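Engineer: After the C-alpha cells below, expect a handful of questions from me.
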Amino acid sequence: PYWWTAGYSGDTNTTPAASGCGQESVAITQVMPGLSTSPGAGGPPGTTVTDTATLSGGYQPTGSVEFTLYNNPSCSGSPVDDETVQVNGNGQYTTPAGAKLTQAGTYWWTARYSGDTNNTPAASGCGQEPVTITQVTPGLSTSPSPGGPPGTTVTDTATLSGGDQPTGTITFSLYGNPSCTGSPADNETVQVNGNGQYTTPAGATLTRADTYWWTASYSGDTNNTPAATSCGDEPVTITSQTSSSNWSGYAAINGPFTSVSSNWTEPAATCSGH
C-alpha cells in the first residue's frame, strides 16, 4: 500500500498543520491476468508435441510461463517434459522445443504464469489439455510353403511391415478346415523384434492327404495395433499318392505289362478215365 500525508505551511496568523503518517493509506491491487492454452496436435510415436499459452489482461506483465507435460490426467509424478519461457507483455508464448513422444498414449499439458509485482500468478487446470499419441497399424502378409505328398513338412512365413519398432509375438496356426475352427493341426509362436519376415520355427509334418489353412496373427504392443491374416487366405494341399507308382515298380522288375483280351475263352477241360 501507499500512504498520503498533507502539510499546511502556516502563515503570519496561522501555525503550520500536518496529517499524521500512516493515516491515509491507499492500495494499488495486482491485476489478475487471464491464461488460456492450446496444445499442438498429437500423432504417431515420434511426434513432437507443443503447447501455446496466451496471457491477456495483465499490466505490462513480466516473469515467466512454465509448461509441464504429464502422462496422467492428475498431473502427478515426474513430468515427461518441462519448459519455461520469459514473459514480456501480454501475448502468446509457446514451448521452445516441445516434447518428442515415442510411446503411444494420452498426455496432458499444464501452463503456469509466475506473476510479478503488478500481476497475480495464473495457471491452466490439469486435465484440460490432452494430446494423444496414436498406435501405428502395421501390415501383415503371409506366404505358405507348397504342399506335397503325405509326410511333407509345411511352413508359413509372415512379413510384418510399417510398424513402429514392433515387439510382441506372431502366432501361426494350421487348421483342417477353411473356417479355421476347432483345434489347430499346428500352433507355433515366434518373438518379434522389428519389421521383417518371421517363419514357423518347426513347421507341421502332415501325414493325411487333405487341404489345410494357415493363419497368422501379430499380438501388437504399446505402439502397434494387433494384425492378423484372414482364414482361408493360405491353403496348402497334401495330395494322395496314386497307384501308377506301383505299376512303374512292377514294370521295372517284370517288364512291360500286357493287358489280356476280354474275348479270351478258357479251353474245354478233357478227362480220361480207366
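By order in the C-alpha cells, chains are A, B, ...; within a chain, residues start at 1; ligands start at 1, following the order shown.
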With a distance cut-off of 6 Å and only C-alpha atoms, select the neighbouring residues of stretch 227-235 of chain A, excluding the residue or stretch itself and same-chain residues fewer than 3 positions from it, and output the selection as a PDB file with C-alpha atoms, in the first residue's frame.
Structural biologist:
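Wrote it out as result-v1.pdb, contents follow:
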```pdb
ATOM      1  CA  PRO A 178     -11.358 -73.143 -44.273  1.00  0.00           C
ATOM      2  CA  TYR A 212      -5.113 -77.224 -44.739  1.00  0.00           C
ATOM      3  CA  TRP A 213      -5.195 -73.495 -43.993  1.00  0.00           C
ATOM      4  CA  TRP A 214      -2.650 -71.322 -42.205  1.00  0.00           C
ATOM      5  CA  THR A 215      -3.473 -68.174 -40.246  1.00  0.00           C
ATOM      6  CA  ALA A 216      -1.001 -65.697 -38.721  1.00  0.00           C
ATOM      7  CA  SER A 217      -1.712 -63.125 -36.023  1.00  0.00           C
ATOM      8  CA  TYR A 218       0.521 -60.386 -34.612  1.00  0.00           C
TER       9      TYR A 218
END
```
Engineer: Find the spatial neighbours of A:Tyr113, counting only C-alpha atoms, within a cut-off of 12 Å - ignore same-chain residues fewer than 4 positions away - and output them as an MDAnalysis selection string.
Structural biologist: chainID A and resid 32:37 53:56 58 61:68 84:90 92:93 119:124
Engineer: For stretch 159-162 of chain A, list every protein, DNA or RNA residue within 12 Å, evaluated using only C-alpha atoms, and leave out those in the same chain fewer than 5 positions away; present the list as a PDB file with N, CA, C and O atoms, in the first residue's frame.
Structural biologist:
```pdb
ATOM      1  N   PRO A  44       1.423 -40.146 -34.500  1.00  0.00           N
ATOM      2  CA  PRO A  44       2.033 -41.445 -34.207  1.00  0.00           C
ATOM      3  C   PRO A  44       3.259 -41.287 -33.314  1.00  0.00           C
ATOM      4  O   PRO A  44       3.743 -40.167 -33.100  1.00  0.00           O
ATOM      5  N   GLN A 135      -1.460 -45.371 -31.735  1.00  0.00           N
ATOM      6  CA  GLN A 135      -0.733 -46.558 -32.172  1.00  0.00           C
ATOM      7  C   GLN A 135      -0.638 -46.600 -33.690  1.00  0.00           C
ATOM      8  O   GLN A 135      -1.513 -46.108 -34.413  1.00  0.00           O
ATOM      9  N   VAL A 136       0.430 -47.211 -34.175  1.00  0.00           N
ATOM     10  CA  VAL A 136       0.614 -47.466 -35.605  1.00  0.00           C
ATOM     11  C   VAL A 136      -0.094 -48.769 -35.959  1.00  0.00           C
ATOM     12  O   VAL A 136      -0.159 -49.701 -35.150  1.00  0.00           O
ATOM     13  N   THR A 137      -0.647 -48.839 -37.171  1.00  0.00           N
ATOM     14  CA  THR A 137      -1.285 -50.067 -37.653  1.00  0.00           C
ATOM     15  C   THR A 137      -0.350 -50.750 -38.654  1.00  0.00           C
ATOM     16  O   THR A 137      -0.242 -50.313 -39.807  1.00  0.00           O
ATOM     17  N   PRO A 138       0.359 -51.790 -38.238  1.00  0.00           N
ATOM     18  CA  PRO A 138       1.303 -52.439 -39.157  1.00  0.00           C
ATOM     19  C   PRO A 138       0.572 -53.344 -40.152  1.00  0.00           C
ATOM     20  O   PRO A 138      -0.580 -53.742 -39.938  1.00  0.00           O
ATOM     21  N   GLY A 139       1.258 -53.663 -41.248  1.00  0.00           N
ATOM     22  CA  GLY A 139       0.740 -54.623 -42.213  1.00  0.00           C
ATOM     23  C   GLY A 139       1.280 -56.017 -41.914  1.00  0.00           C
ATOM     24  O   GLY A 139       2.397 -56.177 -41.406  1.00  0.00           O
ATOM     25  N   LEU A 140       0.487 -57.038 -42.221  1.00  0.00           N
ATOM     26  CA  LEU A 140       0.907 -58.430 -42.027  1.00  0.00           C
ATOM     27  C   LEU A 140       0.508 -59.227 -43.263  1.00  0.00           C
ATOM     28  O   LEU A 140      -0.684 -59.409 -43.547  1.00  0.00           O
ATOM     29  N   SER A 141       1.500 -59.675 -44.027  1.00  0.00           N
ATOM     30  CA  SER A 141       1.256 -60.517 -45.199  1.00  0.00           C
ATOM     31  C   SER A 141       1.925 -61.865 -44.973  1.00  0.00           C
ATOM     32  O   SER A 141       2.888 -61.971 -44.210  1.00  0.00           O
ATOM     33  N   THR A 142       1.420 -62.901 -45.632  1.00  0.00           N
ATOM     34  CA  THR A 142       1.916 -64.258 -45.382  1.00  0.00           C
ATOM     35  C   THR A 142       2.155 -65.012 -46.683  1.00  0.00           C
ATOM     36  O   THR A 142       1.562 -64.702 -47.724  1.00  0.00           O
ATOM     37  N   SER A 143       3.033 -66.020 -46.593  1.00  0.00           N
ATOM     38  CA  SER A 143       3.355 -66.854 -47.748  1.00  0.00           C
ATOM     39  C   SER A 143       3.590 -68.282 -47.263  1.00  0.00           C
ATOM     40  O   SER A 143       4.637 -68.569 -46.660  1.00  0.00           O
ATOM     41  N   PRO A 144       2.636 -69.191 -47.512  1.00  0.00           N
ATOM     42  CA  PRO A 144       2.824 -70.571 -47.060  1.00  0.00           C
ATOM     43  C   PRO A 144       3.754 -71.335 -47.996  1.00  0.00           C
ATOM     44  O   PRO A 144       3.864 -71.034 -49.186  1.00  0.00           O
ATOM     45  N   THR A 167       7.471 -55.006 -31.238  1.00  0.00           N
ATOM     46  CA  THR A 167       7.833 -56.162 -30.429  1.00  0.00           C
ATOM     47  C   THR A 167       6.582 -57.025 -30.313  1.00  0.00           C
ATOM     48  O   THR A 167       5.628 -56.844 -31.057  1.00  0.00           O
ATOM     49  N   GLY A 168       6.583 -57.968 -29.367  1.00  0.00           N
ATOM     50  CA  GLY A 168       5.438 -58.848 -29.217  1.00  0.00           C
ATOM     51  C   GLY A 168       5.691 -60.190 -29.867  1.00  0.00           C
ATOM     52  O   GLY A 168       6.839 -60.654 -29.956  1.00  0.00           O
ATOM     53  N   THR A 169       4.635 -60.822 -30.390  1.00  0.00           N
ATOM     54  CA  THR A 169       4.753 -62.158 -30.978  1.00  0.00           C
ATOM     55  C   THR A 169       3.891 -62.282 -32.230  1.00  0.00           C
ATOM     56  O   THR A 169       2.943 -61.524 -32.435  1.00  0.00           O
ATOM     57  N   ILE A 170       4.257 -63.274 -33.066  1.00  0.00           N
ATOM     58  CA  ILE A 170       3.394 -63.719 -34.168  1.00  0.00           C
ATOM     59  C   ILE A 170       3.068 -65.184 -33.908  1.00  0.00           C
ATOM     60  O   ILE A 170       3.966 -66.000 -33.668  1.00  0.00           O
ATOM     61  N   GLN A 191       8.932 -64.746 -31.454  1.00  0.00           N
ATOM     62  CA  GLN A 191       9.097 -63.406 -30.906  1.00  0.00           C
ATOM     63  C   GLN A 191       9.398 -62.413 -32.034  1.00  0.00           C
ATOM     64  O   GLN A 191      10.115 -62.726 -32.968  1.00  0.00           O
ATOM     65  N   VAL A 192       8.834 -61.224 -31.895  1.00  0.00           N
ATOM     66  CA  VAL A 192       9.020 -60.168 -32.895  1.00  0.00           C
ATOM     67  C   VAL A 192      10.042 -59.157 -32.383  1.00  0.00           C
ATOM     68  O   VAL A 192       9.988 -58.724 -31.229  1.00  0.00           O
ATOM     69  N   ASN A 193      10.967 -58.796 -33.267  1.00  0.00           N
ATOM     70  CA  ASN A 193      11.961 -57.775 -32.954  1.00  0.00           C
ATOM     71  C   ASN A 193      12.164 -56.895 -34.184  1.00  0.00           C
ATOM     72  O   ASN A 193      13.125 -57.038 -34.933  1.00  0.00           O
ATOM     73  N   GLY A 194      11.192 -56.037 -34.418  1.00  0.00           N
ATOM     74  CA  GLY A 194      11.266 -55.148 -35.570  1.00  0.00           C
ATOM     75  C   GLY A 194      10.453 -55.657 -36.750  1.00  0.00           C
ATOM     76  O   GLY A 194       9.948 -56.789 -36.767  1.00  0.00           O
ATOM     77  N   ASN A 195      10.311 -54.807 -37.758  1.00  0.00           N
ATOM     78  CA  ASN A 195       9.657 -55.214 -39.000  1.00  0.00           C
ATOM     79  C   ASN A 195      10.528 -56.254 -39.704  1.00  0.00           C
ATOM     80  O   ASN A 195      11.746 -56.247 -39.574  1.00  0.00           O
ATOM     81  N   GLY A 196       9.885 -57.154 -40.471  1.00  0.00           N
ATOM     82  CA  GLY A 196      10.655 -58.165 -41.196  1.00  0.00           C
ATOM     83  C   GLY A 196       9.883 -59.455 -41.349  1.00  0.00           C
ATOM     84  O   GLY A 196       8.675 -59.526 -41.094  1.00  0.00           O
ATOM     85  N   GLN A 197      10.595 -60.490 -41.799  1.00  0.00           N
ATOM     86  CA  GLN A 197       9.994 -61.794 -42.034  1.00  0.00           C
ATOM     87  C   GLN A 197      10.179 -62.713 -40.829  1.00  0.00           C
ATOM     88  O   GLN A 197      11.242 -62.739 -40.204  1.00  0.00           O
ATOM     89  N   TYR A 198       9.123 -63.474 -40.544  1.00  0.00           N
ATOM     90  CA  TYR A 198       9.139 -64.435 -39.443  1.00  0.00           C
ATOM     91  C   TYR A 198       8.506 -65.738 -39.942  1.00  0.00           C
ATOM     92  O   TYR A 198       7.468 -65.709 -40.605  1.00  0.00           O
ATOM     93  N   THR A 199       9.166 -66.866 -39.658  1.00  0.00           N
ATOM     94  CA  THR A 199       8.738 -68.171 -40.161  1.00  0.00           C
ATOM     95  C   THR A 199       8.494 -69.123 -39.003  1.00  0.00           C
ATOM     96  O   THR A 199       9.141 -69.033 -37.954  1.00  0.00           O
ATOM     97  N   THR A 200       7.543 -70.038 -39.212  1.00  0.00           N
ATOM     98  CA  THR A 200       7.275 -71.070 -38.209  1.00  0.00           C
ATOM     99  C   THR A 200       8.580 -71.770 -37.836  1.00  0.00           C
ATOM    100  O   THR A 200       9.330 -72.213 -38.716  1.00  0.00           O
ATOM    101  N   ALA A 216      -2.069 -66.335 -39.495  1.00  0.00           N
ATOM    102  CA  ALA A 216      -1.001 -65.697 -38.721  1.00  0.00           C
ATOM    103  C   ALA A 216      -1.585 -64.482 -38.027  1.00  0.00           C
ATOM    104  O   ALA A 216      -2.380 -63.735 -38.619  1.00  0.00           O
ATOM    105  N   SER A 217      -1.218 -64.282 -36.770  1.00  0.00           N
ATOM    106  CA  SER A 217      -1.712 -63.125 -36.023  1.00  0.00           C
ATOM    107  C   SER A 217      -0.569 -62.491 -35.240  1.00  0.00           C
ATOM    108  O   SER A 217       0.217 -63.191 -34.589  1.00  0.00           O
ATOM    109  N   TYR A 218      -0.480 -61.156 -35.356  1.00  0.00           N
ATOM    110  CA  TYR A 218       0.521 -60.386 -34.612  1.00  0.00           C
ATOM    111  C   TYR A 218      -0.138 -59.837 -33.356  1.00  0.00           C
ATOM    112  O   TYR A 218      -1.224 -59.247 -33.417  1.00  0.00           O
ATOM    113  N   SER A 219       0.538 -59.964 -32.210  1.00  0.00           N
ATOM    114  CA  SER A 219      -0.064 -59.605 -30.925  1.00  0.00           C
ATOM    115  C   SER A 219      -0.237 -58.106 -30.730  1.00  0.00           C
ATOM    116  O   SER A 219      -1.114 -57.672 -29.983  1.00  0.00           O
ATOM    117  N   GLY A 220       0.605 -57.289 -31.395  1.00  0.00           N
ATOM    118  CA  GLY A 220       0.627 -55.863 -31.110  1.00  0.00           C
ATOM    119  C   GLY A 220       1.453 -55.575 -29.874  1.00  0.00           C
ATOM    120  O   GLY A 220       1.877 -56.477 -29.139  1.00  0.00           O
ATOM    121  N   ASN A 223       2.963 -49.527 -28.990  1.00  0.00           N
ATOM    122  CA  ASN A 223       2.923 -48.574 -30.103  1.00  0.00           C
ATOM    123  C   ASN A 223       2.290 -49.124 -31.372  1.00  0.00           C
ATOM    124  O   ASN A 223       2.133 -48.374 -32.340  1.00  0.00           O
ATOM    125  N   ASN A 224       1.943 -50.407 -31.396  1.00  0.00           N
ATOM    126  CA  ASN A 224       1.438 -51.041 -32.618  1.00  0.00           C
ATOM    127  C   ASN A 224       0.170 -51.835 -32.333  1.00  0.00           C
ATOM    128  O   ASN A 224       0.109 -52.584 -31.345  1.00  0.00           O
ATOM    129  N   THR A 225      -0.813 -51.676 -33.210  1.00  0.00           N
ATOM    130  CA  THR A 225      -2.052 -52.421 -33.051  1.00  0.00           C
ATOM    131  C   THR A 225      -1.846 -53.874 -33.493  1.00  0.00           C
ATOM    132  O   THR A 225      -0.944 -54.177 -34.272  1.00  0.00           O
ATOM    133  N   PRO A 226      -2.689 -54.800 -32.989  1.00  0.00           N
ATOM    134  CA  PRO A 226      -2.626 -56.177 -33.487  1.00  0.00           C
ATOM    135  C   PRO A 226      -2.972 -56.238 -34.978  1.00  0.00           C
ATOM    136  O   PRO A 226      -3.611 -55.335 -35.534  1.00  0.00           O
ATOM    137  N   ALA A 227      -2.541 -57.321 -35.615  1.00  0.00           N
ATOM    138  CA  ALA A 227      -2.846 -57.550 -37.036  1.00  0.00           C
ATOM    139  C   ALA A 227      -2.975 -59.051 -37.255  1.00  0.00           C
ATOM    140  O   ALA A 227      -2.350 -59.849 -36.552  1.00  0.00           O
ATOM    141  N   ALA A 228      -3.793 -59.433 -38.220  1.00  0.00           N
ATOM    142  CA  ALA A 228      -3.999 -60.860 -38.480  1.00  0.00           C
ATOM    143  C   ALA A 228      -4.371 -61.074 -39.940  1.00  0.00           C
ATOM    144  O   ALA A 228      -4.946 -60.196 -40.590  1.00  0.00           O
ATOM    145  N   THR A 229      -4.024 -62.247 -40.449  1.00  0.00           N
ATOM    146  CA  THR A 229      -4.478 -62.644 -41.783  1.00  0.00           C
ATOM    147  C   THR A 229      -5.852 -63.277 -41.659  1.00  0.00           C
ATOM    148  O   THR A 229      -6.250 -63.733 -40.584  1.00  0.00           O
TER     149      THR A 229
END
```
Engineer: Enumerate the residues of stretch 8-257 of chain A with a DSSP assignment of alpha helix (DSSP H), computed from the backbone, and present them as a ChimeraX atom specification.
Structural biologist: /A:244-254
Engineer: Contacts of A:Asn72 at 8 Å or less, counting only C-alpha atoms, minus same-chain residues fewer than 2 places along, as a ChimeraX atom specification?
Structural biologist: /A:70,74-76,106-108
Engineer: For the selection you just gave me, I'd like the residues written to a file as a PDB file, in the first residue's frame, keeping N, CA, C and O atoms.
Structural biologist:
```pdb
ATOM      1  N   TYR A  70       2.519 -34.161 -18.576  1.00  0.00           N
ATOM      2  CA  TYR A  70       2.409 -35.364 -17.748  1.00  0.00           C
ATOM      3  C   TYR A  70       1.765 -36.502 -18.535  1.00  0.00           C
ATOM      4  O   TYR A  70       1.064 -36.273 -19.531  1.00  0.00           O
ATOM      5  N   SER A  74      -4.087 -36.565 -13.661  1.00  0.00           N
ATOM      6  CA  SER A  74      -3.973 -35.873 -12.375  1.00  0.00           C
ATOM      7  C   SER A  74      -2.689 -35.062 -12.293  1.00  0.00           C
ATOM      8  O   SER A  74      -2.449 -34.369 -11.295  1.00  0.00           O
ATOM      9  N   CYS A  75      -1.858 -35.150 -13.326  1.00  0.00           N
ATOM     10  CA  CYS A  75      -0.603 -34.380 -13.394  1.00  0.00           C
ATOM     11  C   CYS A  75       0.268 -34.610 -12.162  1.00  0.00           C
ATOM     12  O   CYS A  75       0.795 -33.672 -11.550  1.00  0.00           O
ATOM     13  N   SER A  76       0.395 -35.882 -11.792  1.00  0.00           N
ATOM     14  CA  SER A  76       1.202 -36.243 -10.641  1.00  0.00           C
ATOM     15  C   SER A  76       2.473 -36.954 -11.097  1.00  0.00           C
ATOM     16  O   SER A  76       2.568 -37.426 -12.223  1.00  0.00           O
ATOM     17  N   THR A 106      -2.090 -41.120 -23.978  1.00  0.00           N
ATOM     18  CA  THR A 106      -2.590 -39.760 -23.840  1.00  0.00           C
ATOM     19  C   THR A 106      -1.754 -39.029 -22.799  1.00  0.00           C
ATOM     20  O   THR A 106      -1.440 -39.578 -21.743  1.00  0.00           O
ATOM     21  N   TYR A 107      -1.410 -37.787 -23.116  1.00  0.00           N
ATOM     22  CA  TYR A 107      -0.597 -36.948 -22.249  1.00  0.00           C
ATOM     23  C   TYR A 107      -1.365 -35.649 -21.989  1.00  0.00           C
ATOM     24  O   TYR A 107      -2.281 -35.301 -22.739  1.00  0.00           O
ATOM     25  N   TRP A 108      -0.966 -34.931 -20.923  1.00  0.00           N
ATOM     26  CA  TRP A 108      -1.669 -33.713 -20.533  1.00  0.00           C
ATOM     27  C   TRP A 108      -0.674 -32.586 -20.252  1.00  0.00           C
ATOM     28  O   TRP A 108       0.260 -32.746 -19.459  1.00  0.00           O
TER      29      TRP A 108
END
```
Engineer: Tell me which of A:Ser240, A:Thr102, A:Gln30, A:Thr15 sits closest to A:Leu206, counting only C-alpha atoms.
Structural biologist: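 Ranking A:Ser240, A:Thr102, A:Gln30, A:Thr15 by distance to A:Leu206, first place goes to A:Ser240.
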Engineer: What is the atom CA of A:Pro150 to atom CA of A:Val236 distance in Å?
Structural biologist: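 If I compute the distance from atom CA of A:Pro150 to atom CA of A:Val236, I get 12.1 Å.
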Engineer: What is the atom CA of A:Leu69-atom CA of A:Gln128 distance in Å, reported with one decimal?
Structural biologist: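 Here the two named atoms are 11.7 Å from each other.
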